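**Student:** Let me begin by handing over the structure; questions about it come next.
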Amino acid sequence: MTQQDQNIKSRPMTGPLEGIPLPDLDRIPDYERGFWEGSYNRELWIQRCSGCDTFRHLPTPMCPSCHSLKYEWSKVSGKGVVYSFVVVRNPVHPAIREREQVPYNISLIELEEQWGLRICSNVLNIAPEDIYIDMPVRVTFIPTVDEPNVVLPLFVPSD
Amino acid sequence: MALTTNTADINGIKDKAAIVGIGETEFSFDSGRSELQLASEAIKAACDDAGISPHQIDGLVRYEMDTNQETMLIQSLGIENLRHWESVSYGGGAGNAVVGHAASAIAAGYCNYVVCFRAANLRSQMRLGQARNPQRITGGQQGFAAPFGSMAPAHQFSMFVRRYMHMYGATSEHFGWVAVTLREHASRNPRALRRDPITLADHQNSRMVVDPLHLLDICQENDGGAAIVMTTPDRARDLQHSDTLTLVEAAAQGSGPQNEGVIYRPDISVAESTNTARDLWARAKLGPSDIDALMFYDHFTPFCLLNLEAYGFVPFGEAKDFVEGGQNIRFDGMLPINTHGGNHSEAYIHGLTHTQEAVRLIRGVSTSQPPKKTIDRVLSCSSVAQLSAAVIIRRG
């Protein structure tokens, strides 16, 4: 824990990472599109089975519970807790390295609507050393620099 | 949801295949030669160890990720009559799956001399630890991970680790004891890439790569090849190692729900290899107390703890106490682990070297041979997430 021992906290993330892979919204499958359309509209839309009302993420063409092919995109509250998180300090992508974007956190957010319903994201406005499991968070939306049509659902501490 | 009836009490391969040859290239950070050459050299070395000619190979089991195709190996090794071939998916999960598949091909009579192998320039060519996503993702789980910077195995797997630490109170020091032990084993192994002993302080002072993983929690990225030759026990009695038969006693593969993308599984603090473990023990009609040494897939040190729990060597949450100080898991301890130094310090050949080391332990020729006990039975198990596999190798 030597880095922490220095008592110098890393800078918080303030927006999406730059220069890294993004979905090609013209080419992704239909059953993934709602997630990104929701974010574009500044709402968190999660795929929900029309047959059994179960939320699911990752998006899939078929409901893994009842096998219905019918689904809707359901707006959720955007409130949740940090289920787990990591802090990347070694860049593995050229844009992360060249633009000096480390450290950054990757956080797994469990949404309040359903047990086990999790999405991968980043928590903004907080030093990575201060993030903790079960920390309450809420969603915010910020367009990526590289593709303004791709808006990411990101999270901020909710209190 | 009820589990469907399983066939875990049927062990159709039990003792029907013998590992008769193991071989490898040197391990390096830049082999300076093609992957086909690495594969050819490793397979030839394994045939030499068995006392057969590559001309006699009539079965091949490859990793799906391996670039060496069957026809290339037929051409290079002079294989005259390939009767059976398979490729097994899922990288680290395949480490032992290829061994199980090869044993089942022998048991079924599909071929007489089957080779499983892995050969790759995983340092000088394609590094698995770097981001490998396309810049524009056209679908699938990576589109929901890479935009947030989750682009490498260490990113996904340290998600498990953080949650595991939270659930069970394990600390980085516990992982450090695994690292220290693996390095000590490698320090005794002339094949190993990293042979300088390390202390717990060295581990703690190594740079943080993906918090909570330090550099010394993470396996090597290297070049090299490894191969294993199997045949029937009857044929094995006429070959070079006829004095010590090493038999494949049981094999299993397993998975659980929601494992696409690794991090969406119902409880990521528990290894998915619990499913593999359940079937393996049921099939083998054995349990952890029957095992003399454990070879586990050490891509990241914390998965030593998760595997100890998944395979039932210790109750959930108690592996941290078991590994503390390293005495229990050293080559001269109660349950020797990765006596070759593992992916962590010997070399990363996608787990195939772990089954090779199981064979060495049974032959009594490991460079860290346990001094106080005869090794009759070794468990070799793969990566813990998504899809996993395991084999039990025993003295015949």
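Chain labels follow the order of the structure tokens: the first chain is A, the next B, and so on; residue numbering restarts at 1 in every chain, and ligands are counted from 1 in their shown order.
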From a backbone DSSP assignment, name each residue in region 14-122 of chain A labelled strand (DSSP E or B), as a ChimeraX atom specification.
**Tutor:** /A:22-23,45-49,55-56,71-75,79-88,104-111,118-121
**Student:** Can you work out which residues from chain A touch chain B at a cut-off of 7 Å (counting only C-alpha atoms) and hand them back as a list in words?
**Tutor:**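 Interface list for chain A against chain B: Met1, Thr2, Leu17, Ile20, Pro21, Leu22, Pro23, Asp24, Arg27, Ile28, Pro29, Leu58, Ser84, Phe85, Val86, Val87, Val88, Arg89, Asn90, Val92, His93, Ile106, Gly116, Arg118, Cys120, Ser121 and Asn122 of chain A.
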**Student:** Can you spit out the residues from that selection as a CSV table (one decimal), in the first residue's frame, using N, CA and C atoms?
**Tutor:**
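The resulting file, again-v9.csv, is reproduced below:
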```
chain,number,residue,atom,x,y,z
A,1,MET,N,0.8,-1.2,0.0
A,1,MET,CA,0.0,0.0,0.0
A,1,MET,C,0.9,1.3,0.0
A,2,THR,N,2.0,1.2,-0.6
A,2,THR,CA,3.0,2.3,-0.5
A,2,THR,C,2.4,3.6,-1.1
A,17,LEU,N,-13.3,8.6,-20.5
A,17,LEU,CA,-12.0,8.4,-21.0
A,17,LEU,C,-12.0,8.8,-22.5
A,20,ILE,N,-10.5,5.8,-26.6
A,20,ILE,CA,-10.6,4.3,-26.4
A,20,ILE,C,-11.8,3.8,-27.2
A,21,PRO,N,-11.9,2.4,-27.3
A,21,PRO,CA,-12.9,1.8,-28.1
A,21,PRO,C,-14.3,2.2,-27.7
A,22,LEU,N,-15.2,2.5,-28.7
A,22,LEU,CA,-16.6,2.8,-28.4
A,22,LEU,C,-17.5,2.0,-29.4
A,23,PRO,N,-18.7,1.8,-29.0
A,23,PRO,CA,-19.6,1.1,-29.9
A,23,PRO,C,-19.9,1.9,-31.2
A,24,ASP,N,-20.0,1.2,-32.3
A,24,ASP,CA,-20.4,1.8,-33.5
A,24,ASP,C,-21.9,1.7,-33.6
A,27,ARG,N,-23.8,-0.1,-36.3
A,27,ARG,CA,-23.6,-1.5,-36.7
A,27,ARG,C,-23.9,-2.4,-35.5
A,28,ILE,N,-24.2,-1.9,-34.3
A,28,ILE,CA,-24.5,-2.8,-33.2
A,28,ILE,C,-25.9,-3.5,-33.4
A,29,PRO,N,-26.1,-4.6,-32.8
A,29,PRO,CA,-27.4,-5.3,-33.0
A,29,PRO,C,-28.6,-4.5,-32.5
A,58,LEU,N,-26.1,-7.9,-19.5
A,58,LEU,CA,-25.9,-7.5,-20.9
A,58,LEU,C,-27.2,-7.7,-21.7
A,84,SER,N,-18.5,-3.5,-7.0
A,84,SER,CA,-17.0,-3.7,-6.9
A,84,SER,C,-16.4,-2.7,-7.8
A,85,PHE,N,-15.1,-2.5,-7.6
A,85,PHE,CA,-14.4,-1.5,-8.4
A,85,PHE,C,-12.9,-1.8,-8.4
A,86,VAL,N,-12.2,-1.3,-9.5
A,86,VAL,CA,-10.8,-1.4,-9.5
A,86,VAL,C,-10.2,0.0,-10.0
A,87,VAL,N,-9.0,0.2,-9.7
A,87,VAL,CA,-8.3,1.4,-10.1
A,87,VAL,C,-7.2,1.1,-11.0
A,88,VAL,N,-7.3,1.4,-12.3
A,88,VAL,CA,-6.3,1.1,-13.3
A,88,VAL,C,-5.2,2.1,-13.2
A,89,ARG,N,-4.0,1.7,-12.9
A,89,ARG,CA,-2.8,2.6,-12.8
A,89,ARG,C,-1.8,2.3,-13.9
A,90,ASN,N,-1.9,1.2,-14.6
A,90,ASN,CA,-1.0,0.9,-15.7
A,90,ASN,C,-1.8,0.9,-17.0
A,92,VAL,N,-3.1,0.2,-20.6
A,92,VAL,CA,-2.9,-0.9,-21.6
A,92,VAL,C,-3.4,-0.5,-23.0
A,93,HIS,N,-3.8,0.7,-23.1
A,93,HIS,CA,-4.3,1.2,-24.4
A,93,HIS,C,-3.5,2.4,-24.8
A,106,ILE,N,-12.7,1.7,-12.7
A,106,ILE,CA,-13.8,1.0,-13.4
A,106,ILE,C,-14.6,0.5,-12.3
A,116,GLY,N,-28.7,-8.1,-8.4
A,116,GLY,CA,-27.8,-8.7,-9.4
A,116,GLY,C,-27.8,-7.9,-10.7
A,118,ARG,N,-26.4,-5.4,-12.8
A,118,ARG,CA,-25.2,-4.6,-12.7
A,118,ARG,C,-24.8,-4.0,-14.1
A,120,CYS,N,-21.3,-1.9,-15.9
A,120,CYS,CA,-19.9,-1.4,-15.8
A,120,CYS,C,-19.9,0.1,-16.1
A,121,SER,N,-19.2,0.9,-15.3
A,121,SER,CA,-19.1,2.3,-15.6
A,121,SER,C,-17.9,2.9,-14.8
A,122,ASN,N,-17.9,4.2,-14.7
A,122,ASN,CA,-16.9,4.9,-13.9
A,122,ASN,C,-17.6,5.8,-12.9
```
**Student:** Name all residues at most 8 Å from Phe155 (chain A) (count only C-alpha atoms; drop same-chain ones fewer than 3 positions away) and give them as number ranges by chain.
**Tutor:** A: 121-124, 137-140
**Student:** Restricting the output to N, CA and C atoms, write the selected residues as an mmCIF file, in the first residue's frame.
**Tutor:**
```
data_model
loop_
_atom_site.group_PDB
_atom_site.id
_atom_site.type_symbol
_atom_site.label_atom_id
_atom_site.label_comp_id
_atom_site.auth_asym_id
_atom_site.auth_seq_id
_atom_site.Cartn_x
_atom_site.Cartn_y
_atom_site.Cartn_z
ATOM 1 N N SER A 121 -19.197 0.855 -15.333
ATOM 2 C CA SER A 121 -19.139 2.296 -15.564
ATOM 3 C C SER A 121 -17.921 2.887 -14.849
ATOM 4 N N ASN A 122 -17.920 4.207 -14.721
ATOM 5 C CA ASN A 122 -16.899 4.913 -13.945
ATOM 6 C C ASN A 122 -17.612 5.793 -12.931
ATOM 7 N N VAL A 123 -16.984 5.990 -11.781
ATOM 8 C CA VAL A 123 -17.524 6.928 -10.794
ATOM 9 C C VAL A 123 -16.701 8.217 -10.862
ATOM 10 N N LEU A 124 -17.386 9.333 -11.079
ATOM 11 C CA LEU A 124 -16.729 10.633 -11.258
ATOM 12 C C LEU A 124 -16.701 11.416 -9.949
ATOM 13 N N VAL A 137 -24.554 5.660 -5.340
ATOM 14 C CA VAL A 137 -24.223 6.500 -6.497
ATOM 15 C C VAL A 137 -25.489 6.772 -7.310
ATOM 16 N N ARG A 138 -25.413 7.801 -8.143
ATOM 17 C CA ARG A 138 -26.504 8.054 -9.089
ATOM 18 C C ARG A 138 -25.913 8.367 -10.456
ATOM 19 N N VAL A 139 -26.731 8.141 -11.472
ATOM 20 C CA VAL A 139 -26.233 8.242 -12.835
ATOM 21 C C VAL A 139 -26.142 9.692 -13.298
ATOM 22 N N THR A 140 -25.213 9.932 -14.212
ATOM 23 C CA THR A 140 -25.147 11.200 -14.931
ATOM 24 C C THR A 140 -24.726 10.846 -16.350
#
```
**Student:** So, counting only C-alpha atoms, which residue among A:Gly78, A:Pro136, A:Gly38, A:Pro12 is closest to Val150 (chain A)?
**Tutor:**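 The answer is A:Gly38, which sits nearest to Val150 (chain A).
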**Student:** Do a neighbour search on Glu221 (chain B) at 8 Å with only C-alpha atoms, toss out local chain neighbours closer than 3 positions, and write the hits as a PyMOL selection string.
**Tutor:** chain B and resi 29+122-123+127-129+347-348
**Student:** Measuring between only C-alpha atoms, which one of B:Gln56, B:Thr232, B:Asn307, B:Thr367 shows the shortest distance to Ile13 (chain B)?
**Tutor:**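 When distances to Ile13 (chain B) are compared using only C-alpha atoms, the smallest one comes from B:Thr232.
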**Student:** From a DSSP pass on the backbone, collect the residues of chain A flagged as helix (DSSP H, G or I) and hand them back as a list in words.
**Tutor:**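 Those residues are Thr2, Gln3, Gln4, Asp5, Asp30, Tyr31, Glu32, Arg33, Gly34, Phe35, Trp36, Glu37, Gly38, Ser39, Tyr40, Pro94, Ala95, Ile96, Arg97, Glu98, Pro128, Glu129 and Asp130 of chain A.
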**Student:** Those residues you just picked out, can you put them in a file as a PDB file, in the first residue's frame with C-alpha atoms?
**Tutor:**
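Generated output (result01.pdb):
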```pdb
ATOM      1  CA  THR A   2       2.978   2.293  -0.505  1.00  0.00           C
ATOM      2  CA  GLN A   3       1.193   4.611  -2.905  1.00  0.00           C
ATOM      3  CA  GLN A   4      -1.587   5.164  -0.397  1.00  0.00           C
ATOM      4  CA  ASP A   5       0.916   5.631   2.397  1.00  0.00           C
ATOM      5  CA  ASP A  30     -30.968  -3.980 -32.542  1.00  0.00           C
ATOM      6  CA  TYR A  31     -31.204  -5.503 -29.090  1.00  0.00           C
ATOM      7  CA  GLU A  32     -28.295  -3.353 -27.860  1.00  0.00           C
ATOM      8  CA  ARG A  33     -29.407  -0.064 -29.334  1.00  0.00           C
ATOM      9  CA  GLY A  34     -31.851   1.016 -26.619  1.00  0.00           C
ATOM     10  CA  PHE A  35     -29.103   1.255 -24.020  1.00  0.00           C
ATOM     11  CA  TRP A  36     -27.322   3.890 -26.099  1.00  0.00           C
ATOM     12  CA  GLU A  37     -30.527   5.634 -27.229  1.00  0.00           C
ATOM     13  CA  GLY A  38     -31.508   6.036 -23.595  1.00  0.00           C
ATOM     14  CA  SER A  39     -28.150   7.548 -22.704  1.00  0.00           C
ATOM     15  CA  TYR A  40     -28.373   9.876 -25.712  1.00  0.00           C
ATOM     16  CA  PRO A  94      -2.198   3.718 -26.386  1.00  0.00           C
ATOM     17  CA  ALA A  95      -4.717   6.531 -25.859  1.00  0.00           C
ATOM     18  CA  ILE A  96      -4.687   5.960 -22.115  1.00  0.00           C
ATOM     19  CA  ARG A  97      -0.907   6.063 -22.127  1.00  0.00           C
ATOM     20  CA  GLU A  98      -0.395   8.967 -24.505  1.00  0.00           C
ATOM     21  CA  PRO A 128     -10.256   6.546  -6.398  1.00  0.00           C
ATOM     22  CA  GLU A 129      -8.880   6.061  -2.890  1.00  0.00           C
ATOM     23  CA  ASP A 130     -12.272   7.174  -1.516  1.00  0.00           C
TER      24      ASP A 130
END
```
**Student:** Applying 6 Å and only C-alpha atoms, which residues near region 184-201 of chain B remain after dropping the ones on its own chain fewer than 2 positions away? List them as a VMD selection string.
**Tutor:** chain B and resid 176 180 to 182 203 to 205 339 to 341 345 to 346 367
**Student:** Could the residues in this selection be written to a file with C-alpha atoms, as a PDB file, in the first residue's frame?
**Tutor:**
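Heads up, here's the output in again.pdb:
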```
ATOM      1  CA  GLY B 176       1.725 -11.757  -1.455  1.00  0.00           C
ATOM      2  CA  VAL B 180       6.538 -15.378  -2.517  1.00  0.00           C
ATOM      3  CA  THR B 181       5.886 -19.127  -2.579  1.00  0.00           C
ATOM      4  CA  LEU B 182       5.534 -19.351  -6.348  1.00  0.00           C
ATOM      5  CA  HIS B 203       5.468  -7.843  -3.254  1.00  0.00           C
ATOM      6  CA  GLN B 204       3.934  -5.009  -1.271  1.00  0.00           C
ATOM      7  CA  ASN B 205       6.374  -2.489  -2.750  1.00  0.00           C
ATOM      8  CA  THR B 339       5.971 -26.507  -7.633  1.00  0.00           C
ATOM      9  CA  HIS B 340       7.269 -25.314 -11.031  1.00  0.00           C
ATOM     10  CA  GLY B 341       6.602 -21.672 -10.181  1.00  0.00           C
ATOM     11  CA  SER B 345       7.247 -17.134 -12.274  1.00  0.00           C
ATOM     12  CA  GLU B 346       8.035 -20.124 -14.508  1.00  0.00           C
ATOM     13  CA  THR B 367      12.885 -29.406  -9.176  1.00  0.00           C
TER      14      THR B 367
END
```
**Student:** To one decimal place in Å, what is the distance between CA of Lys285 (chain B) and CA of Phe313 (chain B)?
**Tutor:** 15.5 Å
**Student:** Quick one: residues within 7 Å of Gln47 (chain A), only C-alpha atoms, excluding same-chain residues fewer than 6 positions away - as JSON, numbers by chain?
**Tutor:** {"A": [55, 56, 57, 59, 71, 72, 73, 74]}
**Student:** Hey, which of A:Met135, A:Val102, A:Leu152, A:Leu117 ends up closest to Ser10 (chain A)? Count only C-alpha atoms.
**Tutor:**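 That would be A:Val102, the residue with the smallest distance to Ser10 (chain A).
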**Student:** A:Ser158, A:Lys75, A:Arg48, A:Asn105: which is nearest Pro91 (chain A), counting only C-alpha atoms?
**Tutor:**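 Going through A:Ser158, A:Lys75, A:Arg48, A:Asn105 one by one, the smallest distance to Pro91 (chain A) is for A:Asn105.
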**Student:** Provide the CA of Ala18 (chain B) to CA of Glu86 (chain B) distance in Å, to one decimal place.
**Tutor:**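 It comes out at 18.5 Å.
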**Student:** List the neighbours of region 109-121 of chain B out to 6 Å using only C-alpha atoms; skip same-chain residues closer than 2 positions along the sequence, and give me the result as a compact mmCIF listing (two decimals) with N, CA and C atoms, in the first residue's frame.
**Tutor:**
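around17.txt was written with the following content:
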```
# COMPACT_ATOMS: atom_id res chain seq x y z
N GLU B 35 5.72 -19.22 -34.38
CA GLU B 35 4.91 -20.05 -33.49
C GLU B 35 4.88 -21.49 -33.98
N LEU B 38 7.94 -23.08 -32.64
CA LEU B 38 7.80 -23.37 -31.21
C LEU B 38 6.96 -24.63 -31.00
N ALA B 39 5.84 -24.74 -31.73
CA ALA B 39 4.97 -25.91 -31.59
C ALA B 39 5.70 -27.17 -32.02
N ILE B 57 2.17 -39.78 -34.33
CA ILE B 57 1.05 -38.98 -33.80
C ILE B 57 -0.15 -39.15 -34.73
N ASP B 58 -1.29 -39.51 -34.15
CA ASP B 58 -2.50 -39.59 -34.98
C ASP B 58 -3.67 -38.84 -34.37
N GLY B 59 -3.40 -38.05 -33.33
CA GLY B 59 -4.44 -37.20 -32.74
C GLY B 59 -3.83 -35.88 -32.29
N LEU B 60 -4.56 -34.78 -32.48
CA LEU B 60 -4.10 -33.46 -32.04
C LEU B 60 -5.24 -32.75 -31.33
N VAL B 61 -4.94 -32.20 -30.17
CA VAL B 61 -5.92 -31.35 -29.49
C VAL B 61 -5.25 -30.00 -29.27
N ARG B 62 -5.80 -28.98 -29.90
CA ARG B 62 -5.19 -27.66 -29.83
C ARG B 62 -6.10 -26.67 -29.12
N ALA B 105 -10.31 -38.92 -26.17
CA ALA B 105 -10.08 -39.44 -27.53
C ALA B 105 -9.36 -40.79 -27.47
N ILE B 106 -8.42 -40.92 -26.54
CA ILE B 106 -7.74 -42.21 -26.35
C ILE B 106 -8.73 -43.25 -25.81
N ALA B 107 -9.52 -42.84 -24.80
CA ALA B 107 -10.48 -43.77 -24.20
C ALA B 107 -11.50 -44.27 -25.22
N ARG B 123 4.55 -12.70 -25.85
CA ARG B 123 5.21 -11.46 -25.47
C ARG B 123 5.64 -10.70 -26.72
N SER B 124 6.34 -11.39 -27.62
CA SER B 124 6.92 -10.66 -28.75
C SER B 124 5.90 -10.44 -29.87
N GLN B 125 4.77 -11.16 -29.84
CA GLN B 125 3.72 -10.91 -30.84
C GLN B 125 2.46 -10.38 -30.17
N ASP B 223 7.09 -15.90 -24.45
CA ASP B 223 7.04 -16.76 -25.63
C ASP B 223 7.40 -18.19 -25.20
N GLY B 224 6.86 -19.15 -25.92
CA GLY B 224 7.26 -20.54 -25.64
C GLY B 224 6.20 -21.52 -26.08
N GLY B 225 6.56 -22.79 -26.01
CA GLY B 225 5.64 -23.85 -26.37
C GLY B 225 5.76 -25.01 -25.40
N ALA B 226 4.66 -25.75 -25.26
CA ALA B 226 4.64 -26.92 -24.39
C ALA B 226 3.74 -27.97 -25.02
N ALA B 227 4.04 -29.23 -24.78
CA ALA B 227 3.24 -30.32 -25.37
C ALA B 227 3.21 -31.53 -24.44
N ILE B 228 2.15 -32.28 -24.60
CA ILE B 228 1.93 -33.51 -23.81
C ILE B 228 1.50 -34.60 -24.79
N VAL B 229 2.08 -35.79 -24.64
CA VAL B 229 1.68 -36.94 -25.47
C VAL B 229 0.97 -37.96 -24.59
N MET B 230 -0.14 -38.48 -25.10
CA MET B 230 -0.89 -39.50 -24.37
C MET B 230 -1.14 -40.71 -25.25
N THR B 231 -1.24 -41.86 -24.61
CA THR B 231 -1.65 -43.06 -25.32
C THR B 231 -2.38 -43.98 -24.33
```
**Student:** Which is closer to Val156 (chain A) than all the others in A:His67, A:Arg99, A:Lys79, A:Lys9, using only C-alpha atoms?
**Tutor:**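 Residue with the minimum atom-to-atom distance to Val156 (chain A): A:Lys79.
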